[in-house]
>>> print(open('entry06.tsv').read())   # TSV, C-alpha atoms
chain	number	residue	atom	x	y	z
A	1	MET	CA	-23.75	159.16	67.33
A	2	ALA	CA	-23.04	156.11	69.42
A	3	GLU	CA	-19.42	155.07	69.42
A	4	THR	CA	-18.90	153.10	66.26
A	5	MET	CA	-16.38	150.65	64.90
A	6	MET	CA	-15.23	148.80	67.96
A	7	ALA	CA	-11.52	148.11	67.75
A	8	TYR	CA	-10.83	144.41	67.49
A	9	PRO	CA	-7.53	144.35	65.63
A	10	GLU	CA	-7.26	140.60	65.98
A	11	LEU	CA	-10.54	140.07	64.16
A	12	ARG	CA	-11.19	140.27	60.45
A	13	HIS	CA	-14.31	142.29	61.10
A	14	PRO	CA	-15.65	143.82	64.35
A	15	PHE	CA	-18.96	142.01	63.83
A	16	GLU	CA	-17.18	138.71	64.53
A	17	ALA	CA	-17.50	139.67	68.19
A	18	THR	CA	-21.28	139.89	67.87
A	19	PRO	CA	-23.21	136.65	68.26
A	20	VAL	CA	-25.81	135.99	65.60
A	21	HIS	CA	-28.99	134.20	66.53
A	22	SER	CA	-27.83	132.81	69.79
A	23	GLU	CA	-30.73	131.44	71.81
A	24	GLY	CA	-33.52	133.98	71.92
A	25	SER	CA	-31.37	137.01	71.16
A	26	THR	CA	-31.86	139.77	68.61
A	27	THR	CA	-29.11	141.73	66.88
A	28	VAL	CA	-29.46	145.36	65.81
A	29	LEU	CA	-26.96	147.07	63.49
A	30	TYR	CA	-26.73	150.84	63.26
A	31	GLY	CA	-23.70	152.58	61.78
A	32	GLY	CA	-20.79	150.37	62.80
A	33	ASN	CA	-22.56	149.40	66.01
A	34	ALA	CA	-23.83	145.89	66.65
A	35	VAL	CA	-26.03	145.54	69.72
A	36	THR	CA	-27.34	142.25	71.07
A	37	LEU	CA	-30.71	142.40	72.79
A	38	THR	CA	-31.89	139.60	75.02
A	39	ASP	CA	-35.30	141.07	75.72
A	40	THR	CA	-37.58	142.06	72.83
A	41	GLY	CA	-41.30	141.93	72.19
A	42	SER	CA	-42.88	139.36	69.91
A	43	GLY	CA	-44.29	139.76	66.41
A	44	ASP	CA	-43.06	141.15	63.09
A	45	LYS	CA	-42.19	144.54	64.50
A	46	LEU	CA	-38.97	145.10	66.38
A	47	LEU	CA	-40.15	146.01	69.87
A	48	ILE	CA	-37.30	146.98	72.17
A	49	ASP	CA	-36.93	147.92	75.79
A	50	PRO	CA	-36.98	151.76	75.66
A	51	ALA	CA	-33.81	151.75	77.79
A	52	ASP	CA	-31.95	150.02	74.93
A	53	LEU	CA	-32.60	152.79	72.39
A	54	SER	CA	-29.59	154.95	73.25
A	55	ARG	CA	-27.07	152.14	72.94
A	56	ILE	CA	-28.52	151.24	69.55
A	57	ASN	CA	-28.50	154.63	67.84
A	58	GLY	CA	-27.67	157.32	70.40
A	59	PHE	CA	-31.26	158.60	70.66
A	60	GLU	CA	-32.91	158.97	74.04
A	61	LEU	CA	-36.61	159.18	74.82
A	62	LYS	CA	-37.61	162.52	76.33
A	63	PRO	CA	-40.99	164.21	76.80
A	64	GLU	CA	-40.48	166.03	73.47
A	65	GLY	CA	-39.66	162.84	71.54
A	66	ALA	CA	-36.60	160.83	70.54
A	67	CYS	CA	-33.60	163.12	70.92
A	68	ARG	CA	-29.93	163.05	70.00
A	69	GLY	CA	-27.92	166.20	70.56
A	70	ASP	CA	-29.96	169.17	69.37
A	71	LEU	CA	-32.23	166.98	67.27
A	72	CYS	CA	-35.59	165.91	68.73
A	73	ILE	CA	-38.10	163.94	66.68
A	74	PRO	CA	-41.68	163.77	68.03
A	75	LEU	CA	-42.84	160.18	68.40
A	76	PRO	CA	-45.56	158.83	66.10
A	77	ASP	CA	-48.77	157.39	67.49
A	78	GLY	CA	-48.20	153.81	68.58
A	79	ALA	CA	-44.47	154.23	69.19
A	80	LEU	CA	-44.89	152.94	72.71
A	81	VAL	CA	-46.56	149.55	72.84
A	82	GLU	CA	-47.89	147.55	75.77
A	83	GLN	CA	-47.35	143.81	75.48
A	84	ASP	CA	-47.36	141.12	78.16
A	85	GLY	CA	-47.57	143.76	80.85
A	86	LYS	CA	-44.43	145.54	79.65
A	87	GLY	CA	-43.85	148.77	77.75
A	88	TRP	CA	-41.90	148.52	74.47
A	89	PHE	CA	-40.59	151.00	71.92
A	90	ASP	CA	-41.50	150.12	68.33
A	91	LEU	CA	-38.14	150.65	66.62
A	92	THR	CA	-39.33	149.58	63.18
A	93	GLY	CA	-42.39	151.83	63.45
A	94	PHE	CA	-40.14	154.74	64.43
A	95	ALA	CA	-37.86	154.00	61.44
A	96	GLU	CA	-40.84	154.11	59.09
A	97	HIS	CA	-41.99	157.36	60.71
A	98	VAL	CA	-38.63	159.09	60.13
A	99	GLY	CA	-37.99	157.58	56.66
A	100	GLN	CA	-35.14	155.41	57.89
A	101	PRO	CA	-34.74	152.34	55.66
A	102	TYR	CA	-33.76	149.03	57.19
A	103	VAL	CA	-33.18	145.44	56.14
A	104	ALA	CA	-34.21	142.56	58.39
A	105	ASP	CA	-33.19	138.94	58.37
A	106	VAL	CA	-36.09	137.70	60.44
A	107	GLU	CA	-34.85	134.11	60.43
A	108	ALA	CA	-31.63	135.15	62.19
A	109	ARG	CA	-33.38	137.95	64.09
A	110	VAL	CA	-31.07	140.67	62.79
A	111	TRP	CA	-32.25	144.18	61.93
A	112	SER	CA	-29.84	146.48	60.09
A	113	PHE	CA	-30.81	150.16	60.03
A	114	SER	CA	-29.51	152.94	57.83
A	115	ASP	CA	-28.76	156.36	59.30
A	116	VAL	CA	-31.75	158.38	60.49
A	117	PRO	CA	-32.02	160.80	57.52
A	118	ALA	CA	-32.60	163.84	59.78
A	119	THR	CA	-29.12	163.32	61.26
A	120	ARG	CA	-27.74	164.15	57.79
A	121	ASP	CA	-29.65	167.40	57.31
A	122	ASP	CA	-26.92	169.63	58.74
A	123	MET	CA	-24.48	168.35	56.11
A	124	ARG	CA	-26.98	168.43	53.26
A	125	VAL	CA	-28.19	171.96	54.02
A	126	ASN	CA	-25.29	173.69	55.80
A	127	ALA	CA	-22.22	171.70	54.66
A	128	MET	CA	-21.50	170.78	58.29
A	129	ALA	CA	-19.43	167.62	58.75
A	130	PRO	CA	-21.39	164.58	59.95
A	131	ASP	CA	-21.18	163.59	63.60
A	132	LEU	CA	-19.03	160.56	62.93
A	133	ALA	CA	-17.07	158.56	65.50
A	134	LEU	CA	-14.20	156.48	64.16
A	135	THR	CA	-11.92	154.11	65.98
A	136	ASP	CA	-8.33	154.24	64.82
A	137	ARG	CA	-5.97	151.27	64.66
A	138	SER	CA	-4.76	151.89	68.20
A	139	GLY	CA	-8.33	151.76	69.55
A	140	GLU	CA	-8.72	155.48	70.12
A	141	VAL	CA	-12.11	156.93	69.22
A	142	ILE	CA	-11.97	160.08	67.11
A	143	ARG	CA	-15.16	162.08	66.88
A	144	ILE	CA	-15.26	164.52	64.01
A	145	ALA	CA	-17.20	166.90	66.27
A	146	ASP	CA	-14.26	166.96	68.71
A	147	LEU	CA	-11.83	168.22	66.07
A	148	LYS	CA	-13.18	171.76	66.23
A	149	GLY	CA	-10.38	174.31	66.35
A	150	LYS	CA	-8.32	172.20	63.94
A	151	LYS	CA	-8.43	171.59	60.22
A	152	ALA	CA	-9.00	167.99	59.19
A	153	LEU	CA	-8.45	166.13	55.95
A	154	ILE	CA	-10.32	162.84	55.87
A	155	VAL	CA	-9.33	160.74	52.87
A	156	THR	CA	-10.31	157.23	51.80
A	157	TRP	CA	-8.37	154.49	50.04
A	158	SER	CA	-8.70	150.75	49.54
A	159	SER	CA	-6.56	147.73	48.81
A	160	TRP	CA	-8.80	146.64	45.95
B	1	MET	CA	-3.31	152.29	48.18
B	2	PHE	CA	-0.43	153.87	46.29
B	3	ASP	CA	-1.24	157.12	48.05
B	4	VAL	CA	-0.87	155.76	51.60
B	5	PRO	CA	2.88	156.57	51.92
B	6	VAL	CA	2.58	159.81	49.94
B	7	TRP	CA	-0.03	161.16	52.35
B	8	GLN	CA	2.57	160.60	55.07
B	9	GLN	CA	5.12	162.68	53.14
B	10	LEU	CA	2.56	165.46	52.84
B	11	TYR	CA	1.63	165.19	56.52
B	12	THR	CA	5.31	165.42	57.52
B	13	GLU	CA	5.85	168.42	55.26
B	14	ILE	CA	2.82	170.26	56.63
B	15	ASN	CA	3.86	169.59	60.24
B	16	ASP	CA	1.13	171.69	61.83
B	17	GLU	CA	-0.32	170.69	65.21
B	18	ASN	CA	-3.64	172.23	64.23
B	19	PHE	CA	-3.97	169.97	61.19
B	20	VAL	CA	-5.34	166.43	61.48
B	21	MET	CA	-5.02	163.92	58.65
B	22	ILE	CA	-7.30	160.90	58.88
B	23	VAL	CA	-6.59	158.21	56.31
B	24	VAL	CA	-9.32	155.60	56.04
B	25	ALA	CA	-9.17	152.16	54.43
B	26	GLU	CA	-12.56	151.17	53.00
B	27	ASP	CA	-11.88	147.47	53.26
B	28	THR	CA	-13.91	144.53	54.48
B	29	GLY	CA	-10.62	142.63	54.68
B	30	GLY	CA	-9.98	144.65	57.83
B	31	GLU	CA	-6.66	144.77	59.63
B	32	ALA	CA	-5.32	141.68	57.85
B	33	THR	CA	-5.66	143.32	54.46
B	34	ALA	CA	-5.15	147.03	55.12
B	35	GLY	CA	-2.89	146.92	58.18
B	36	PRO	CA	0.35	145.90	56.42
B	37	ILE	CA	-0.17	148.57	53.76
B	38	PHE	CA	-0.48	151.20	56.46
B	39	ASP	CA	2.51	149.80	58.38
B	40	ALA	CA	4.75	149.96	55.31
B	41	ALA	CA	4.22	153.73	55.22
B	42	ASN	CA	5.32	154.25	58.86
B	43	PRO	CA	2.42	156.65	59.27
B	44	THR	CA	1.99	159.21	62.02
B	45	TYR	CA	-1.38	160.41	60.71
B	46	VAL	CA	-4.59	158.90	62.10
B	47	GLN	CA	-5.17	155.48	60.54
B	48	VAL	CA	-8.66	154.02	60.39
B	49	ILE	CA	-9.75	150.70	58.92
B	50	ASP	CA	-13.40	150.93	58.01
B	51	PRO	CA	-14.78	147.53	56.97
B	52	ASP	CA	-18.36	148.80	56.90
B	53	HIS	CA	-17.52	151.76	54.61
B	54	LEU	CA	-19.00	154.11	57.21
B	55	VAL	CA	-16.98	157.07	55.99
B	56	SER	CA	-18.11	156.68	52.38
B	57	SER	CA	-21.65	156.30	53.66
B	58	ALA	CA	-21.49	159.38	55.90
B	59	PHE	CA	-20.12	161.61	53.13
B	60	ASN	CA	-22.05	159.88	50.29
B	61	PHE	CA	-18.88	158.92	48.38
B	62	VAL	CA	-19.26	156.34	45.62
B	63	ASN	CA	-15.60	155.58	44.97
B	64	VAL	CA	-12.10	155.71	46.44
B	65	PRO	CA	-9.99	157.71	46.83
B	66	SER	CA	-12.23	160.53	47.95
B	67	ALA	CA	-11.95	163.11	50.69
B	68	ALA	CA	-13.40	166.00	52.65
B	69	TRP	CA	-11.72	169.06	54.07
B	70	ILE	CA	-13.24	170.11	57.40
B	71	ASP	CA	-12.44	173.54	58.80
B	72	GLU	CA	-12.01	174.65	62.42
B	73	GLU	CA	-15.75	175.20	62.80
B	74	GLY	CA	-16.65	171.74	61.55
B	75	ARG	CA	-17.75	172.97	58.13
B	76	ILE	CA	-16.85	171.01	55.01
B	77	VAL	CA	-14.94	173.30	52.63
B	78	ARG	CA	-14.13	170.81	49.84
B	79	ILE	CA	-15.54	167.36	49.16
B	80	ASP	CA	-15.70	164.33	46.91
B	81	GLU	CA	-12.89	164.73	44.43
B	82	GLY	CA	-10.44	162.21	42.97
B	83	THR	CA	-8.03	162.86	45.78
B	84	TYR	CA	-4.76	161.44	44.59
B	85	SER	CA	-1.61	162.53	46.38
B	86	LYS	CA	0.48	162.69	43.18
B	87	ILE	CA	0.76	161.37	39.63
B	88	HIS	CA	1.54	157.66	39.84
B	89	THR	CA	3.38	156.09	36.88
B	90	PHE	CA	3.37	152.36	36.20
B	91	GLY	CA	5.06	150.29	33.51
B	92	GLU	CA	7.61	151.42	30.99
B	93	GLY	CA	7.73	152.52	27.36
B	94	ASP	CA	4.56	151.85	25.38
B	95	GLN	CA	3.06	150.05	28.36
B	96	ALA	CA	3.50	153.00	30.73
B	97	PHE	CA	0.39	154.57	32.15
B	98	GLU	CA	-0.32	157.25	34.68
B	99	PHE	CA	-3.10	158.14	37.04
B	100	GLY	CA	-3.59	160.72	39.74
B	101	ASN	CA	-2.82	164.40	39.74
B	102	ASP	CA	-0.18	166.79	41.03
B	103	VAL	CA	-2.46	169.62	42.11
B	104	TYR	CA	-4.40	168.19	45.05
B	105	ALA	CA	-1.57	167.85	47.58
B	106	PRO	CA	-0.30	171.43	47.00
B	107	ALA	CA	-3.88	172.63	47.44
B	108	VAL	CA	-4.08	170.90	50.83
B	109	LYS	CA	-0.85	172.62	51.89
B	110	ASP	CA	-2.17	175.97	50.76
B	111	TRP	CA	-5.39	175.49	52.72
B	112	VAL	CA	-3.60	174.47	55.93
B	113	ALA	CA	-1.34	177.54	55.64
B	114	LYS	CA	-3.98	180.11	54.69
B	115	GLY	CA	-7.24	178.74	56.03
B	116	ALA	CA	-10.33	180.57	54.80
B	117	ASP	CA	-8.10	182.83	52.65
B	118	SER	CA	-6.97	179.90	50.53
B	119	VAL	CA	-8.36	180.06	46.99
B	120	HIS	CA	-9.15	176.37	47.33
B	121	VAL	CA	-11.75	176.86	50.05
B	122	GLN	CA	-15.25	176.54	48.64
B	123	SER	CA	-18.42	178.27	49.79
B	124	ALA	CA	-21.11	176.35	51.66
B	125	ALA	CA	-23.25	176.57	48.52
B	126	GLN	CA	-20.51	175.07	46.35
B	127	VAL	CA	-19.94	172.31	48.87
B	128	THR	CA	-23.61	171.42	49.30
B	129	GLY	CA	-23.86	171.40	45.51
B	130	ASN	CA	-21.06	168.84	45.43
B	131	ILE	CA	-22.48	166.62	48.17
B	132	ARG	CA	-24.37	163.74	46.63
B	133	GLN	CA	-27.90	163.27	47.91
B	134	HIS	CA	-28.68	159.74	48.95
B	135	SER	CA	-32.04	158.27	48.04
B	136	ALA	CA	-33.94	155.98	50.39
B	137	ASP	CA	-32.72	153.03	48.30
B	138	GLN	CA	-29.11	154.15	48.66
B	139	LEU	CA	-29.50	154.45	52.43
B	140	LYS	CA	-31.07	151.01	52.49
B	141	ALA	CA	-28.09	149.71	50.51
B	142	ASP	CA	-25.79	150.77	53.37
B	143	ALA	CA	-27.91	148.75	55.81
B	144	ALA	CA	-27.86	145.73	53.47
B	145	PHE	CA	-24.07	145.95	53.03
B	146	ARG	CA	-23.50	145.90	56.79
B	147	LEU	CA	-25.94	143.03	57.22
B	148	GLY	CA	-23.90	141.10	54.63
B	149	ASN	CA	-20.74	141.93	56.59
B	150	LEU	CA	-22.25	140.50	59.77
B	151	PHE	CA	-23.06	137.20	58.07
B	152	ARG	CA	-19.67	137.06	56.34
B	153	ALA	CA	-17.94	137.63	59.69
B	154	HIS	CA	-19.75	134.50	60.88
B	155	GLY	CA	-18.97	132.43	57.79
B	156	GLN	CA	-22.51	132.53	56.45
B	157	GLU	CA	-21.45	133.20	52.89
B	158	ALA	CA	-24.77	132.58	51.15
B	159	LYS	CA	-26.54	135.16	53.25
B	160	ALA	CA	-23.58	137.53	53.02
B	161	GLU	CA	-23.69	137.39	49.24
B	162	ARG	CA	-27.46	137.82	49.18
B	163	TYR	CA	-27.24	141.08	51.15
B	164	TRP	CA	-24.23	142.38	49.23
B	165	GLU	CA	-26.17	141.73	46.01
B	166	MET	CA	-29.05	143.64	47.55
B	167	ALA	CA	-26.71	146.54	48.36
B	168	ARG	CA	-25.39	146.58	44.80
B	169	SER	CA	-28.85	146.52	43.26
B	170	LEU	CA	-30.18	149.23	45.60
B	171	ASN	CA	-27.15	151.44	44.95
B	172	PRO	CA	-25.78	150.60	41.52
B	173	ASP	CA	-23.85	153.89	41.52
B	174	SER	CA	-21.57	152.64	44.29
B	175	ILE	CA	-18.29	151.61	42.77
B	176	ASN	CA	-17.19	150.85	46.33
B	177	PHE	CA	-19.83	148.14	46.77
B	178	LEU	CA	-19.18	146.76	43.29
B	179	ARG	CA	-15.41	146.46	43.62
B	180	GLN	CA	-15.50	145.28	47.22
B	181	ASP	CA	-17.80	142.46	46.10
B	182	LEU	CA	-15.60	141.66	43.10
B	183	THR	CA	-12.61	141.10	45.39
B	184	LEU	CA	-14.29	137.78	46.20
B	185	SER	CA	-14.65	136.79	42.55
B	186	GLU	CA	-12.08	135.02	40.37
B	187	GLU	CA	-11.71	137.98	38.04
B	188	GLY	CA	-11.01	140.35	40.94
B	189	SER	CA	-11.86	143.99	41.43
B	190	ALA	CA	-10.42	145.26	38.15
B	191	GLY	CA	-11.62	142.66	35.65
B	192	GLU	CA	-14.20	142.41	32.90
B	193	THR	CA	-17.18	143.10	35.14
B	194	PHE	CA	-15.65	146.25	36.60
B	195	PHE	CA	-14.68	147.68	33.22
B	196	GLY	CA	-18.09	146.76	31.82
B	197	VAL	CA	-19.85	148.63	34.61
B	198	MET	CA	-17.46	151.57	34.28
B	199	GLY	CA	-18.12	151.84	30.54
B	200	LYS	CA	-21.85	151.93	31.15
B	201	TYR	CA	-21.39	154.37	34.03
B	202	MET	CA	-19.43	156.81	31.89
B	203	SER	CA	-21.77	156.50	28.91
B	204	GLU	CA	-24.66	157.43	31.19
B	205	GLY	CA	-22.80	160.60	32.17
B	206	LYS	CA	-22.35	159.63	35.82
B	207	ASP	CA	-19.35	160.95	37.73
B	208	LEU	CA	-17.16	159.05	40.13
B	209	TYR	CA	-16.01	162.33	41.61
B	210	ARG	CA	-16.93	165.95	41.47
B	211	PRO	CA	-14.69	167.93	39.10
B	212	LEU	CA	-11.21	168.58	40.49
B	213	ASP	CA	-11.30	172.29	39.84
B	214	ILE	CA	-7.77	173.16	40.95
B	215	GLU	CA	-5.38	175.09	38.71
B	216	LYS	CA	-1.76	174.16	38.81
B	217	SER	CA	0.14	176.83	40.69
>>> encode(input="entry06.tsv", output="structure tokens")
Amino acid sequence: MAETMMAYPELRHPFEATPVHSEGSTTVLYGGNAVTLTDTGSGDKLLIDPADLSRINGFELKPEGACRGDLCIPLPDGALVEQDGKGWFDLTGFAEHVGQPYVADVEARVWSFSDVPATRDDMRVNAMAPDLALTDRSGEVIRIADLKGKKALIVTWSSW
Amino acid sequence: MFDVPVWQQLYTEINDENFVMIVVAEDTGGEATAGPIFDAANPTYVQVIDPDHLVSSAFNFVNVPSAAWIDEEGRIVRIDEGTYSKIHTFGEGDQAFEFGNDVYAPAVKDWVAKGADSVHVQSAAQVTGNIRQHSADQLKADAAFRLGNLFRAHGQEAKAERYWEMARSLNPDSINFLRQDLTLSEEGSAGETFFGVMGKYMSEGKDLYRPLDIEKS
């Protein structure tokens, strides 16, 4: 998973550091990540520069499909789109292909994606902990996958 | 939040370099709200403030406090229980009430000491049986909640509320989304609305947590 939850202790919420609907830009949320794209295709679909995919959700395009770690998902027909002489990756089409729900605020040009369901299969089937990256209060990133060799208790609370 | 300092006591008692305790605030109020509560406990465990409720989303928790035990191989060996650090008592006399339990913290100690030989370690089948399965609507609710957070972080309250409402309607089982939203209401997170929803929740036989099946030793 891409590094999530940027540490901005001075901010109420990390998303404060992400511009919304600045001139011509598009915002994509995935996990705790907020990525601002300045170059996207036009139309109702979210067409991104293929090079931007990995910083959005940690997947990379390879000959066998969109891959993250050991997981590779073959691309659906029409995933790569030609528009205005440039090649784009249809991120919303890919989401529909893999059963990944999303919510879009088209007016503000923000797309918020849920997890790719296949990334949760190892927990659902084998009880393996999710590949989660958390930033602690000091700004250090802790990846659950890096804790191997140690026991970990992860416990939630809230002020409310 | 009453458990925050008690987890530190447990962490100090366990004192094992091969044990990591990660305590996570599910709080859109962020550092301003959760930070002082952490600081008051002088914690040495890993402290995370999680305004987007990513941890609850990743483990499919619907309420706090909840937890997962992860072994040395990265396998979950217990999950999704009412993980209180002790029995908390409030008020006096007829007004006194208690919540929590006094079996969970000793179970954690036992597991850290004995590993796979601890009676509290569950099989993969038990654990997967206890992991809630998220529907497409529940996954979409996570996306809507975060979208609301983005707009709230930019002061766009109307849109923020619209997407939080969407999250609540797509995942009505999430007590986290409900109570986080109610923090912004006059009645607060433990008022009439919350108790109304809880009454309905219980009458429909839903569980906030999987059964805490730990015998007192």
>>> atom_distance(input="entry06.tsv", atom1="CA of Trp111 (chain B)", atom2="CA of Arg137 (chain A)")
27.0 Å
>>> closest_atom_pairs(input="entry06.tsv", of="region 43-119 of chain B", to="region 29-46 of chain A", cutoff="12 Å", atoms="all atoms listed in the file", output="CSV")
residue,atom,partner,partner_atom,distance
B:Ile49,CA,A:Gly32,CA,11.7
B:Asp50,CA,A:Gly32,CA,8.8
B:Pro51,CA,A:Gly32,CA,8.8
B:Asp52,CA,A:Gly32,CA,6.6
B:His53,CA,A:Gly32,CA,8.9
B:Leu54,CA,A:Gly31,CA,6.7
B:Val55,CA,A:Gly31,CA,9.9
B:Ser56,CA,A:Gly31,CA,11.7
B:Ser57,CA,A:Gly31,CA,9.2
B:Ala58,CA,A:Gly31,CA,9.3
>>> residues_around(input="entry06.tsv", residues="Lys148 (chain A)", least_positions_apart="4", cutoff="8 Å", atoms="all atoms listed in the file", output="PyMOL selection string")
(chain A and resi 144) or (chain B and resi 71-74)
>>> closest_atom_pairs(input="entry06.tsv", of="chain A", to="chain B", cutoff="8 Å", atoms="all atoms listed in the file", output="JSON lines")
{"residue": "A:Met5", "atom": "CA", "partner": "B:Asp50", "partner_atom": "CA", "distance": 7.5}
{"residue": "A:Pro9", "atom": "CA", "partner": "B:Glu31", "partner_atom": "CA", "distance": 6.1}
{"residue": "A:Glu10", "atom": "CA", "partner": "B:Glu31", "partner_atom": "CA", "distance": 7.6}
{"residue": "A:Leu11", "atom": "CA", "partner": "B:Glu31", "partner_atom": "CA", "distance": 7.6}
{"residue": "A:Arg12", "atom": "CA", "partner": "B:Gly30", "partner_atom": "CA", "distance": 5.2}
{"residue": "A:His13", "atom": "CA", "partner": "B:Gly30", "partner_atom": "CA", "distance": 5.9}
{"residue": "A:Phe15", "atom": "CA", "partner": "B:Leu150", "partner_atom": "CA", "distance": 5.4}
{"residue": "A:Glu16", "atom": "CA", "partner": "B:Ala153", "partner_atom": "CA", "distance": 5.0}
{"residue": "A:Val20", "atom": "CA", "partner": "B:His154", "partner_atom": "CA", "distance": 7.8}
{"residue": "A:Leu29", "atom": "CA", "partner": "B:Leu147", "partner_atom": "CA", "distance": 7.5}
{"residue": "A:Tyr30", "atom": "CA", "partner": "B:Ala143", "partner_atom": "CA", "distance": 7.8}
{"residue": "A:Gly31", "atom": "CA", "partner": "B:Leu54", "partner_atom": "CA", "distance": 6.7}
{"residue": "A:Gly32", "atom": "CA", "partner": "B:Asp52", "partner_atom": "CA", "distance": 6.6}
{"residue": "A:Gly99", "atom": "CA", "partner": "B:Ala136", "partner_atom": "CA", "distance": 7.6}
{"residue": "A:Gln100", "atom": "CA", "partner": "B:Ala136", "partner_atom": "CA", "distance": 7.6}
{"residue": "A:Pro101", "atom": "CA", "partner": "B:Lys140", "partner_atom": "CA", "distance": 5.0}
{"residue": "A:Tyr102", "atom": "CA", "partner": "B:Lys140", "partner_atom": "CA", "distance": 5.8}
{"residue": "A:Val103", "atom": "CA", "partner": "B:Ala144", "partner_atom": "CA", "distance": 6.0}
{"residue": "A:Val110", "atom": "CA", "partner": "B:Leu147", "partner_atom": "CA", "distance": 7.9}
{"residue": "A:Trp111", "atom": "CA", "partner": "B:Leu147", "partner_atom": "CA", "distance": 8.0}
{"residue": "A:Ser112", "atom": "CA", "partner": "B:Ala143", "partner_atom": "CA", "distance": 5.2}
{"residue": "A:Phe113", "atom": "CA", "partner": "B:Ala143", "partner_atom": "CA", "distance": 5.3}
{"residue": "A:Ser114", "atom": "CA", "partner": "B:Ala143", "partner_atom": "CA", "distance": 4.9}
{"residue": "A:Asp115", "atom": "CA", "partner": "B:Leu139", "partner_atom": "CA", "distance": 7.2}
{"residue": "A:Met123", "atom": "CA", "partner": "B:Thr128", "partner_atom": "CA", "distance": 7.5}
{"residue": "A:Arg124", "atom": "CA", "partner": "B:Thr128", "partner_atom": "CA", "distance": 6.0}
{"residue": "A:Val125", "atom": "CA", "partner": "B:Thr128", "partner_atom": "CA", "distance": 6.6}
{"residue": "A:Asn126", "atom": "CA", "partner": "B:Ala124", "partner_atom": "CA", "distance": 6.5}
{"residue": "A:Ala127", "atom": "CA", "partner": "B:Ile76", "partner_atom": "CA", "distance": 5.4}
{"residue": "A:Met128", "atom": "CA", "partner": "B:Arg75", "partner_atom": "CA", "distance": 4.3}
{"residue": "A:Ala129", "atom": "CA", "partner": "B:Arg75", "partner_atom": "CA", "distance": 5.6}
{"residue": "A:Pro130", "atom": "CA", "partner": "B:Ala58", "partner_atom": "CA", "distance": 6.6}
{"residue": "A:Leu132", "atom": "CA", "partner": "B:Ala58", "partner_atom": "CA", "distance": 7.5}
{"residue": "A:Leu134", "atom": "CA", "partner": "B:Val48", "partner_atom": "CA", "distance": 7.1}
{"residue": "A:Thr135", "atom": "CA", "partner": "B:Val48", "partner_atom": "CA", "distance": 6.5}
{"residue": "A:Asp136", "atom": "CA", "partner": "B:Val48", "partner_atom": "CA", "distance": 4.4}
{"residue": "A:Arg137", "atom": "CA", "partner": "B:Val48", "partner_atom": "CA", "distance": 5.7}
{"residue": "A:Ile144", "atom": "CA", "partner": "B:Gly74", "partner_atom": "CA", "distance": 7.8}
{"residue": "A:Ala145", "atom": "CA", "partner": "B:Gly74", "partner_atom": "CA", "distance": 6.8}
{"residue": "A:Leu147", "atom": "CA", "partner": "B:Glu72", "partner_atom": "CA", "distance": 7.4}
{"residue": "A:Lys148", "atom": "CA", "partner": "B:Glu72", "partner_atom": "CA", "distance": 4.9}
{"residue": "A:Gly149", "atom": "CA", "partner": "B:Glu72", "partner_atom": "CA", "distance": 4.3}
{"residue": "A:Lys150", "atom": "CA", "partner": "B:Glu72", "partner_atom": "CA", "distance": 4.7}
{"residue": "A:Lys151", "atom": "CA", "partner": "B:Asp71", "partner_atom": "CA", "distance": 4.7}
{"residue": "A:Ala152", "atom": "CA", "partner": "B:Val20", "partner_atom": "CA", "distance": 4.6}
{"residue": "A:Leu153", "atom": "CA", "partner": "B:Trp69", "partner_atom": "CA", "distance": 4.8}
{"residue": "A:Ile154", "atom": "CA", "partner": "B:Ile22", "partner_atom": "CA", "distance": 4.7}
{"residue": "A:Val155", "atom": "CA", "partner": "B:Ala67", "partner_atom": "CA", "distance": 4.2}
{"residue": "A:Thr156", "atom": "CA", "partner": "B:Val24", "partner_atom": "CA", "distance": 4.6}
{"residue": "A:Trp157", "atom": "CA", "partner": "B:Pro65", "partner_atom": "CA", "distance": 4.8}
{"residue": "A:Ser158", "atom": "CA", "partner": "B:Ala25", "partner_atom": "CA", "distance": 5.1}
{"residue": "A:Ser159", "atom": "CA", "partner": "B:Met1", "partner_atom": "CA", "distance": 5.6}
{"residue": "A:Trp160", "atom": "CA", "partner": "B:Ser189", "partner_atom": "CA", "distance": 6.1}
>>> closest_residue(input="entry06.tsv", among="A:Val81, A:Ala108, A:Ile142, A:Cys67", to="His21 (chain A)", atoms="all atoms listed in the file")
A:Ala108
>>> closest_residue(input="entry06.tsv", among="B:Val6, B:Ala107, B:Ala167, B:Ile14", to="Ser85 (chain B)", atoms="all atoms listed in the file")
B:Val6
>>> closest_residue(input="entry06.tsv", among="A:Glu64, A:Asp77, A:Asp90, A:Asp70", to="Asp49 (chain A)", atoms="only C-alpha atoms")
A:Asp90
>>> atom_distance(input="entry06.tsv", atom1="CA of Leu178 (chain B)", atom2="CA of Leu212 (chain B)")
23.4 Å
>>> residues_near_point(input="entry06.tsv", point="(-35.7, 164.6, 64.4)", cutoff="9 Å", atoms="all atoms listed in the file", output="list in words")
Gly65, Ala66, Cys67, Arg68, Asp70, Leu71, Cys72, Ile73, Pro74, Val98, Val116, Pro117, Ala118 and Thr119 of chain A
>>> atom_distance(input="entry06.tsv", atom1="CA of Ala105 (chain B)", atom2="CA of Asp117 (chain B)")
17.1 Å
>>> axis_aligned_box(input="entry06.tsv", around="region 50-55 of chain A", padding_each_side="8 Å", output="AutoDock Vina command-line options")
--center_x -32.0 --center_y 152.5 --center_z 75.1 --size_x 25.9 --size_y 20.9 --size_z 21.4
